[in-house]
>>> print(open('work-v9.txt').read())   # compact mmCIF, C-alpha atoms and all ligand atoms
# COMPACT_ATOMS: atom_id res chain seq x y z
CA MET A 70 134.39 126.39 167.82
CA LYS A 71 134.18 127.07 164.15
CA ALA A 72 130.63 127.27 162.78
CA ASN A 73 129.84 124.62 160.27
CA LEU A 74 128.29 126.72 157.56
CA GLN A 75 126.65 125.07 154.64
CA PHE A 76 124.65 126.73 151.92
CA TYR A 77 121.74 124.94 150.37
CA PHE A 78 120.69 126.49 147.11
CA VAL A 79 117.12 125.67 146.22
CA VAL A 80 114.77 126.74 143.46
CA LYS A 81 112.13 128.79 145.23
CA LEU A 82 108.58 129.41 144.09
CA PHE A 83 106.44 132.39 145.19
CA PHE A 84 102.90 133.03 144.06
CA VAL A 85 100.20 135.61 144.53
CA PRO A 86 96.51 135.57 143.49
CA HIS A 87 94.89 138.57 141.77
CA ILE A 88 91.73 139.56 139.93
CA LEU A 89 92.05 141.20 136.51
CA LYS A 90 89.14 143.52 135.83
CA PHE A 91 87.97 143.89 132.24
CA LYS A 92 87.46 147.27 130.60
CA ARG A 93 83.94 146.08 129.82
CA PRO A 94 81.95 142.88 130.43
CA PHE A 95 82.97 140.15 128.05
CA SER A 96 80.31 137.95 126.47
CA ILE A 97 80.82 134.73 124.57
CA ALA A 98 78.60 131.77 123.76
CA HIS A 99 79.05 130.39 127.31
CA GLY A 100 78.07 133.56 129.26
CA SER A 101 79.35 136.95 130.42
CA ARG A 102 82.15 137.98 132.85
CA ASP A 103 83.56 141.31 134.06
CA SER A 104 86.80 140.02 135.60
CA THR A 105 89.02 136.95 135.66
CA PRO A 106 91.12 135.34 138.39
CA VAL A 107 94.88 135.03 137.81
CA VAL A 108 97.84 133.90 139.88
CA PHE A 109 101.28 135.41 139.32
CA THR A 110 104.34 133.28 140.02
CA ARG A 111 107.98 134.01 140.68
CA LEU A 112 110.69 131.40 140.49
CA GLU A 113 114.04 132.16 142.08
CA GLN A 114 117.46 130.68 141.68
CA ASN A 115 120.33 132.38 143.53
CA GLY A 116 118.62 135.78 143.63
CA ILE A 117 117.56 135.78 139.96
CA PHE A 118 113.82 135.86 139.30
CA GLY A 119 111.65 134.42 136.56
CA TYR A 120 107.99 135.45 136.30
CA GLY A 121 104.87 133.60 135.24
CA GLU A 122 101.08 133.76 135.22
CA ALA A 123 98.14 131.39 135.44
CA ALA A 124 94.90 132.70 133.92
CA MET A 125 91.70 130.74 134.48
CA PRO A 126 88.79 130.87 132.09
CA PRO A 127 85.86 128.95 133.65
CA TYR A 128 85.90 126.22 131.01
CA LEU A 129 89.32 124.95 132.08
CA GLY A 130 87.90 124.17 135.53
CA GLU A 131 90.57 126.03 137.48
CA ASN A 132 90.13 128.83 140.03
CA HIS A 133 92.21 130.55 142.70
CA GLU A 134 91.68 127.69 145.11
CA THR A 135 92.75 124.90 142.75
CA VAL A 136 95.74 126.85 141.41
CA LEU A 137 97.02 127.83 144.87
CA LYS A 138 96.63 124.24 146.05
CA PHE A 139 98.55 122.96 143.03
CA LEU A 140 101.32 125.55 143.43
CA SER A 141 101.74 124.62 147.11
CA LYS A 142 102.43 121.05 146.00
CA ALA A 143 104.72 122.29 143.21
CA GLU A 144 106.65 124.39 145.74
CA LYS A 145 107.70 121.21 147.52
CA VAL A 146 108.66 119.48 144.27
CA LEU A 147 110.79 122.45 143.21
CA GLN A 148 112.61 122.57 146.55
CA LYS A 149 114.23 119.26 145.65
CA PHE A 150 116.16 121.03 142.91
CA SER A 151 119.22 123.15 143.58
CA THR A 152 119.32 124.45 140.00
CA ILE A 153 117.02 124.74 137.01
CA ALA A 154 119.65 123.23 134.71
CA ASP A 155 117.49 120.17 134.11
CA ALA A 156 114.36 122.08 133.14
CA ASP A 157 112.79 119.10 131.32
CA THR A 158 112.87 116.99 134.49
CA ILE A 159 111.43 119.85 136.55
CA LEU A 160 108.53 120.28 134.11
CA LEU A 161 107.90 116.55 133.96
CA GLU A 162 107.75 116.31 137.77
CA VAL A 163 105.43 119.32 137.93
CA ASP A 164 103.22 117.79 135.23
CA ASN A 165 103.01 114.55 137.20
CA ILE A 166 101.65 116.24 140.36
CA GLU A 167 98.08 116.17 138.98
CA ASN A 168 96.40 115.30 135.70
CA ARG A 169 94.83 118.66 134.98
CA ASN A 170 95.74 122.13 136.34
CA THR A 171 97.13 123.22 132.97
CA ALA A 172 97.09 126.95 133.81
CA ALA A 173 98.86 126.37 137.14
CA LYS A 174 101.46 124.28 135.31
CA ALA A 175 101.84 127.01 132.69
CA SER A 176 102.60 129.58 135.40
CA ILE A 177 105.61 127.50 136.45
CA ASP A 178 106.69 126.75 132.88
CA ILE A 179 106.59 130.46 131.97
CA ALA A 180 108.57 131.50 135.06
CA LEU A 181 111.08 128.74 134.32
CA HIS A 182 111.59 129.90 130.72
CA ASP A 183 111.95 133.47 131.93
CA LEU A 184 114.62 132.34 134.39
CA ILE A 185 116.42 130.21 131.77
CA GLY A 186 116.60 133.25 129.46
CA LYS A 187 117.90 135.46 132.25
CA LEU A 188 120.58 132.97 133.29
CA GLN A 189 121.72 132.74 129.65
CA ASN A 190 121.21 136.47 129.10
CA LYS A 191 119.11 135.79 126.00
CA PRO A 192 115.50 136.60 125.10
CA SER A 193 113.31 133.51 124.95
CA HIS A 194 112.33 134.20 121.31
CA GLU A 195 116.00 133.86 120.38
CA LEU A 196 116.29 130.60 122.29
CA PHE A 197 113.20 129.33 120.38
CA GLY A 198 114.77 130.34 117.06
CA ALA A 199 111.92 132.78 116.35
CA ASP A 200 112.64 135.72 114.04
CA LYS A 201 111.97 138.93 115.95
CA GLN A 202 111.90 140.96 112.75
CA LYS A 203 108.75 139.24 111.51
CA ASN A 204 105.61 141.38 111.81
CA ILE A 205 103.33 140.08 114.55
CA PHE A 206 99.87 141.41 113.72
CA THR A 207 97.42 140.46 116.42
CA ALA A 208 93.66 140.17 116.06
CA TYR A 209 91.54 142.39 118.28
CA THR A 210 88.37 140.95 119.81
CA ILE A 211 85.09 142.76 119.18
CA PRO A 212 82.79 141.75 122.06
CA ILE A 213 79.23 140.73 121.26
CA ASP A 214 77.31 143.96 121.51
CA GLU A 215 74.07 145.66 120.63
CA PRO A 216 74.19 146.71 116.96
CA ASN A 217 74.47 150.40 117.89
CA GLY A 218 77.54 149.61 120.02
CA ILE A 219 79.41 147.89 117.17
CA GLN A 220 80.50 151.14 115.55
CA ASN A 221 82.28 152.17 118.77
CA ARG A 222 83.94 148.77 119.10
CA VAL A 223 85.18 148.95 115.50
CA GLU A 224 86.44 152.47 116.15
CA GLU A 225 88.35 151.28 119.25
CA ALA A 226 90.00 148.60 117.11
CA ARG A 227 91.17 151.06 114.45
CA GLU A 228 94.89 150.22 114.94
CA TYR A 229 94.29 146.51 114.39
CA LYS A 230 94.38 144.87 110.98
CA ILE A 231 92.31 141.82 111.95
CA LEU A 232 89.15 141.73 114.06
CA LYS A 233 88.01 138.69 116.00
CA VAL A 234 84.34 138.06 116.57
CA LYS A 235 82.99 135.58 119.06
CA LEU A 236 79.61 134.32 117.95
CA GLY A 237 76.66 133.40 120.12
CA SER A 238 74.27 136.32 119.70
CA ALA A 239 70.69 135.77 118.54
CA ASP A 240 71.67 136.59 114.97
CA ASP A 241 75.32 135.99 114.14
CA LYS A 242 75.02 137.09 110.51
CA LYS A 243 73.62 140.42 111.64
CA LEU A 244 76.66 140.98 113.86
CA VAL A 245 79.05 140.59 110.93
CA GLU A 246 76.79 142.62 108.62
CA GLU A 247 76.86 145.39 111.22
CA ILE A 248 80.66 145.27 111.35
CA ARG A 249 80.77 145.38 107.54
CA LYS A 250 78.88 148.69 107.61
CA HIS A 251 81.91 150.24 109.30
CA THR A 252 84.98 148.37 108.07
CA ASP A 253 86.22 145.87 105.48
CA LYS A 254 89.03 144.52 107.69
CA GLU A 255 89.62 140.79 107.76
CA ILE A 256 87.83 138.87 110.52
CA PHE A 257 88.45 135.72 112.56
CA VAL A 258 85.18 134.10 113.59
CA ASP A 259 85.17 132.04 116.80
CA VAL A 260 82.06 129.90 117.21
CA ASN A 261 83.13 128.35 120.57
CA GLU A 262 81.36 125.04 119.64
CA GLY A 263 78.09 126.92 119.05
CA TRP A 264 76.79 125.24 115.85
CA LYS A 265 75.15 121.86 116.37
CA ASP A 266 74.31 120.81 112.80
CA LYS A 267 76.99 120.33 110.13
CA TYR A 268 74.78 121.46 107.21
CA PHE A 269 73.82 124.62 109.05
CA ALA A 270 77.51 125.13 109.93
CA LEU A 271 78.57 124.76 106.29
CA GLU A 272 75.96 127.23 105.11
CA MET A 273 77.18 129.73 107.72
CA ILE A 274 80.82 129.16 106.75
CA HIS A 275 80.07 129.83 103.08
CA TRP A 276 78.21 132.99 104.01
CA PHE A 277 81.07 134.18 106.24
CA SER A 278 83.73 133.33 103.66
CA GLU A 279 82.09 135.82 101.30
CA LYS A 280 82.27 138.48 104.04
CA LYS A 281 86.10 138.47 104.19
CA VAL A 282 86.21 136.09 107.14
CA LEU A 283 89.69 134.50 107.17
CA LEU A 284 89.04 131.46 109.33
CA ILE A 285 86.52 129.76 111.60
CA GLU A 286 87.46 128.62 115.08
CA GLN A 287 85.79 125.58 116.69
CA PRO A 288 82.54 125.63 114.68
CA MET A 289 80.98 122.63 116.42
CA PRO A 290 81.33 120.76 119.74
CA LYS A 291 84.78 119.23 120.07
CA GLU A 292 83.30 115.72 120.37
CA ASN A 293 81.87 115.95 116.81
CA THR A 294 85.19 115.14 115.14
CA ASP A 295 83.65 113.38 112.12
CA ASP A 296 81.26 116.24 111.39
CA ILE A 297 84.12 118.72 111.70
CA ALA A 298 86.34 116.64 109.40
CA TRP A 299 83.53 116.78 106.82
CA LEU A 300 83.17 120.55 107.32
CA THR A 301 86.92 121.06 106.88
CA SER A 302 86.84 119.06 103.64
CA GLN A 303 84.00 121.26 102.31
CA SER A 304 85.03 124.63 103.70
CA PRO A 305 86.61 127.32 101.50
CA ILE A 306 88.39 128.78 104.58
CA PRO A 307 90.51 127.17 107.33
CA ILE A 308 88.77 125.46 110.27
CA ILE A 309 90.79 125.85 113.46
CA ALA A 310 90.59 123.64 116.56
CA ASP A 311 90.52 125.42 119.92
CA GLU A 312 88.43 123.59 122.54
CA ALA A 313 89.29 120.30 120.78
CA VAL A 314 93.03 120.68 121.30
CA GLN A 315 94.43 121.45 124.68
CA ARG A 316 97.64 119.48 124.94
CA PHE A 317 100.14 117.76 122.66
CA ALA A 318 98.42 114.38 123.02
CA ASP A 319 95.19 115.83 121.59
CA LEU A 320 96.85 116.36 118.20
CA GLU A 321 96.56 112.64 117.50
CA LYS A 322 92.83 112.67 118.32
CA ILE A 323 91.98 115.40 115.80
CA LYS A 324 94.24 114.15 113.01
CA GLY A 325 92.82 115.13 109.64
CA ALA A 326 89.76 116.88 111.09
CA TYR A 327 90.95 120.49 111.14
CA SER A 328 93.09 122.81 109.01
CA GLY A 329 94.91 124.14 112.05
CA ILE A 330 95.09 124.49 115.82
CA ASN A 331 94.84 127.34 118.30
CA ILE A 332 97.65 126.93 120.84
CA LYS A 333 97.29 128.69 124.19
CA LEU A 334 99.83 128.43 127.00
CA MET A 335 97.10 128.09 129.63
CA LYS A 336 95.68 125.02 127.88
CA CYS A 337 98.91 123.24 127.00
CA THR A 338 100.91 123.82 130.26
CA GLY A 339 103.24 126.45 128.81
CA LEU A 340 106.01 127.25 126.35
CA HIS A 341 107.74 123.87 126.45
CA GLU A 342 104.70 121.96 125.23
CA ALA A 343 103.54 124.80 122.94
CA GLN A 344 106.82 124.62 121.03
CA LYS A 345 106.46 120.84 120.70
CA MET A 346 102.92 121.33 119.37
CA ILE A 347 104.10 123.87 116.81
CA LEU A 348 106.74 121.46 115.49
CA GLN A 349 104.26 118.57 115.35
CA ALA A 350 101.50 120.61 113.70
CA ARG A 351 103.97 121.78 111.02
CA LYS A 352 104.95 118.17 110.33
CA THR A 353 101.33 117.28 109.65
CA GLY A 354 100.68 120.34 107.49
CA MET A 355 98.45 122.17 109.95
CA GLN A 356 98.30 125.92 110.38
CA ILE A 357 99.07 127.47 113.73
CA MET A 358 97.17 130.10 115.60
CA LEU A 359 98.58 131.42 118.85
CA GLY A 360 95.94 132.59 121.31
CA CYS A 361 95.58 133.63 124.92
CA MET A 362 93.01 133.83 127.67
CA SER A 363 92.07 137.06 129.40
CA GLU A 364 95.50 137.59 130.87
CA SER A 365 98.04 140.26 131.66
CA THR A 366 101.16 141.32 129.79
CA CYS A 367 103.09 138.59 131.65
CA GLY A 368 101.29 135.64 130.04
CA VAL A 369 101.01 137.35 126.67
CA SER A 370 104.70 138.32 126.61
CA ALA A 371 105.48 134.64 127.15
CA ALA A 372 103.23 133.50 124.29
CA ALA A 373 104.59 136.26 122.05
CA GLN A 374 108.06 134.69 122.23
CA LEU A 375 106.68 131.97 119.92
CA ALA A 376 104.57 134.31 117.77
CA PRO A 377 106.98 134.55 114.81
CA LEU A 378 106.58 130.76 114.42
CA ALA A 379 102.76 130.96 114.06
CA ASP A 380 100.48 131.87 111.13
CA TRP A 381 97.74 133.68 113.03
CA ILE A 382 98.09 135.68 116.22
CA ASP A 383 95.32 136.39 118.70
CA LEU A 384 97.12 137.83 121.71
CA ASP A 385 94.99 140.80 122.73
CA GLY A 386 94.54 139.86 126.43
CA PRO A 387 96.29 142.93 127.92
CA LEU A 388 94.25 145.27 125.69
CA LEU A 389 91.01 144.14 127.30
CA ILE A 390 91.96 144.58 130.99
CA LYS A 391 91.69 147.73 133.11
CA GLU A 392 94.89 147.37 135.09
CA ASP A 393 98.02 145.45 134.12
CA TYR A 394 100.54 144.11 136.62
CA PHE A 395 103.46 143.71 134.23
CA ASP A 396 105.48 145.64 131.72
CA GLY A 397 106.61 143.59 128.72
CA VAL A 398 105.74 143.32 125.04
CA LYS A 399 104.19 146.47 123.56
CA PHE A 400 101.34 146.96 121.13
CA SER A 401 101.97 149.40 118.30
CA GLU A 402 100.09 149.95 115.02
CA GLY A 403 98.27 146.66 115.43
CA LYS A 404 101.48 144.73 116.01
CA ILE A 405 103.08 143.10 119.03
CA ILE A 406 106.60 144.38 119.54
CA LEU A 407 109.02 141.97 121.20
CA ASN A 408 111.88 143.42 123.23
CA ASP A 409 115.47 142.23 123.65
CA PHE A 410 115.41 141.78 127.41
CA PRO A 411 116.42 138.30 128.55
CA GLY A 412 113.75 135.67 129.18
CA ILE A 413 110.19 136.67 128.33
CA GLY A 414 111.12 140.34 128.76
CA VAL A 415 108.77 141.35 131.56
CA ALA A 416 108.97 143.35 134.79
CA PRO A 417 106.27 143.27 137.49
CA VAL A 418 104.83 146.39 139.13
CA SER A 419 107.03 147.14 142.12
CA ASN A 420 104.86 145.81 144.94
CA LEU A 421 103.48 142.67 143.28
CA PHE A 422 105.37 140.11 145.35
CA LYS A 423 105.63 142.12 148.60
MG MG B 501 88.48 130.11 120.70
>>> encode(input="work-v9.txt", output="structure tokens")
Amino acid sequence: MKANLQFYFVVKLFFVPHILKFKRPFSIAHGSRDSTPVVFTRLEQNGIFGYGEAAMPPYLGENHETVLKFLSKAEKVLQKFSTIADADTILLEVDNIENRNTAAKASIDIALHDLIGKLQNKPSHELFGADKQKNIFTAYTIPIDEPNGIQNRVEEAREYKILKVKLGSADDKKLVEEIRKHTDKEIFVDVNEGWKDKYFALEMIHWFSEKKVLLIEQPMPKENTDDIAWLTSQSPIPIIADEAVQRFADLEKIKGAYSGINIKLMKCTGLHEAQKMILQARKTGMQIMLGCMSESTCGVSAAAQLAPLADWIDLDGPLLIKEDYFDGVKFSEGKIILNDFPGIGVAPVSNLFK
């Protein structure tokens, strides 16, 4: 009797949790951490692999448990598809699994875009219409430190044209004054919602603007939209929304209140929505910053595919971790260098998915 052989092609999802250790503890206004949980994903169609990553800062409310649970549900959704040809439908179905889980969703979106690029043999930046020749200067984060440690941090950042400072120390002016003793590089200041009074915030912004600070990120709590709109109208430098804007739908809520937005794949569910946000922000005259969480070269290589379309780049995640699990974009002379490999241009360490 002849065997009745039938082949069922399905889109397969694999995922593996990891901990990324930081080179040194990382302090911001909300506390201090020395590592961060991540989950790496691999999406397969007919033996071709796309890679992704979910990184989970505490404020997004995700952890290994929630991401693994979400991805188990997503695995079943993806098995319904025999091809990734209808990527929009796949992403919509994944988005509908749960309301939140933006980092888990991003890990699928990134792997999907990587796979799409590989199947078309084109780098994702080309598919996004981003000009690879444009210089992508990334900011480098100076962690909050004792004043006598600042000199070393500034020295470590010597390749980078722009420094980023996260406020939240006892005396934020002193921190910037200390940096100014060692360098006159431009600075991004991230307040992480730390200022509670708009008059105090404006006084600080004026002071910082005279210290070659280029922009201020999330000066006040995200709920204080009216106060922030007033600040933006008074501020000599751009006011950028970070905590206030996670997904596309948030753009409507902050209309007119900020000069620009900080887009991060882990907040907005990935490249698909990030690109939509870039287009929408441009339409409404807002500036675009592209940021990341503490994540590996996988997540940052994905975000970097959109970097030529942004005004400000803050993609230093891989520089702050001890051990990377992916090869991908490179950092050279303060710039991110995109490659021409298809998809997001990454390769995992050999035993990552074993
Ligand atoms: Mg921020």
>>> closest_atom_pairs(input="work-v9.txt", of="chain A", to="ligand MG 501 (chain B)", cutoff="8 Å", atoms="all atoms listed in the file", output="Markdown table")
| residue | atom | partner | partner_atom | distance |
| --- | --- | --- | --- | --- |
| A:Lys235 | CA | B:MG501 | MG | 7.9 |
| A:Asp259 | CA | B:MG501 | MG | 5.5 |
| A:Val260 | CA | B:MG501 | MG | 7.3 |
| A:Asn261 | CA | B:MG501 | MG | 5.6 |
| A:Glu286 | CA | B:MG501 | MG | 5.9 |
| A:Gln287 | CA | B:MG501 | MG | 6.6 |
| A:Ala310 | CA | B:MG501 | MG | 8.0 |
| A:Asp311 | CA | B:MG501 | MG | 5.2 |
| A:Glu312 | CA | B:MG501 | MG | 6.8 |
| A:Asn331 | CA | B:MG501 | MG | 7.3 |
| A:Gly360 | CA | B:MG501 | MG | 7.9 |
>>> residues_around(input="work-v9.txt", residues="A:Gly397", least_positions_apart="2", cutoff="7 Å", atoms="all atoms listed in the file", output="list in words")
Thr366, Cys367, Ser370, Phe395, Lys399, Gly414, Val415 and Ala416 of chain A
>>> closest_residue(input="work-v9.txt", among="A:Lys267, A:Lys280, A:Lys391, A:Arg169", to="A:Gln315", atoms="all atoms listed in the file")
A:Arg169
>>> closest_residue(input="work-v9.txt", among="A:Ala180, A:Val418, A:Ile332, A:Leu284", to="A:Ala371", atoms="only C-alpha atoms")
A:Ala180
>>> closest_residue(input="work-v9.txt", among="A:Pro417, A:Gly386, A:Pro307, A:Gly329", to="A:Thr105", atoms="all atoms listed in the file")
A:Gly386
>>> residues_around(input="work-v9.txt", residues="stretch 297-306 of chain A", least_positions_apart="6", cutoff="9 Å", atoms="all atoms listed in the file", output="ChimeraX atom specification")
/A:267-268,270-271,274-275,278,282-285,287-291,323,325-328
>>> residues_near_point(input="work-v9.txt", point="(108.1, 129.9, 118.0)", cutoff="8 Å", atoms="all atoms listed in the file", output="NGL selection string")
:A and (194 or 197-199 or 344 or 347 or 374-379)
>>> write_last_selection(input="work-v9.txt", atoms="C-alpha atoms", output="JSON list (two decimals), in the coordinates of the input")
[["chain", "number", "residue", "atom", "x", "y", "z"],
["A", 194, "HIS", "CA", 112.33, 134.20, 121.31],
["A", 197, "PHE", "CA", 113.20, 129.33, 120.38],
["A", 198, "GLY", "CA", 114.77, 130.34, 117.06],
["A", 199, "ALA", "CA", 111.92, 132.78, 116.35],
["A", 344, "GLN", "CA", 106.82, 124.62, 121.03],
["A", 347, "ILE", "CA", 104.10, 123.87, 116.81],
["A", 374, "GLN", "CA", 108.06, 134.69, 122.23],
["A", 375, "LEU", "CA", 106.68, 131.97, 119.92],
["A", 376, "ALA", "CA", 104.57, 134.31, 117.77],
["A", 377, "PRO", "CA", 106.98, 134.55, 114.81],
["A", 378, "LEU", "CA", 106.58, 130.76, 114.42],
["A", 379, "ALA", "CA", 102.76, 130.96, 114.06]]
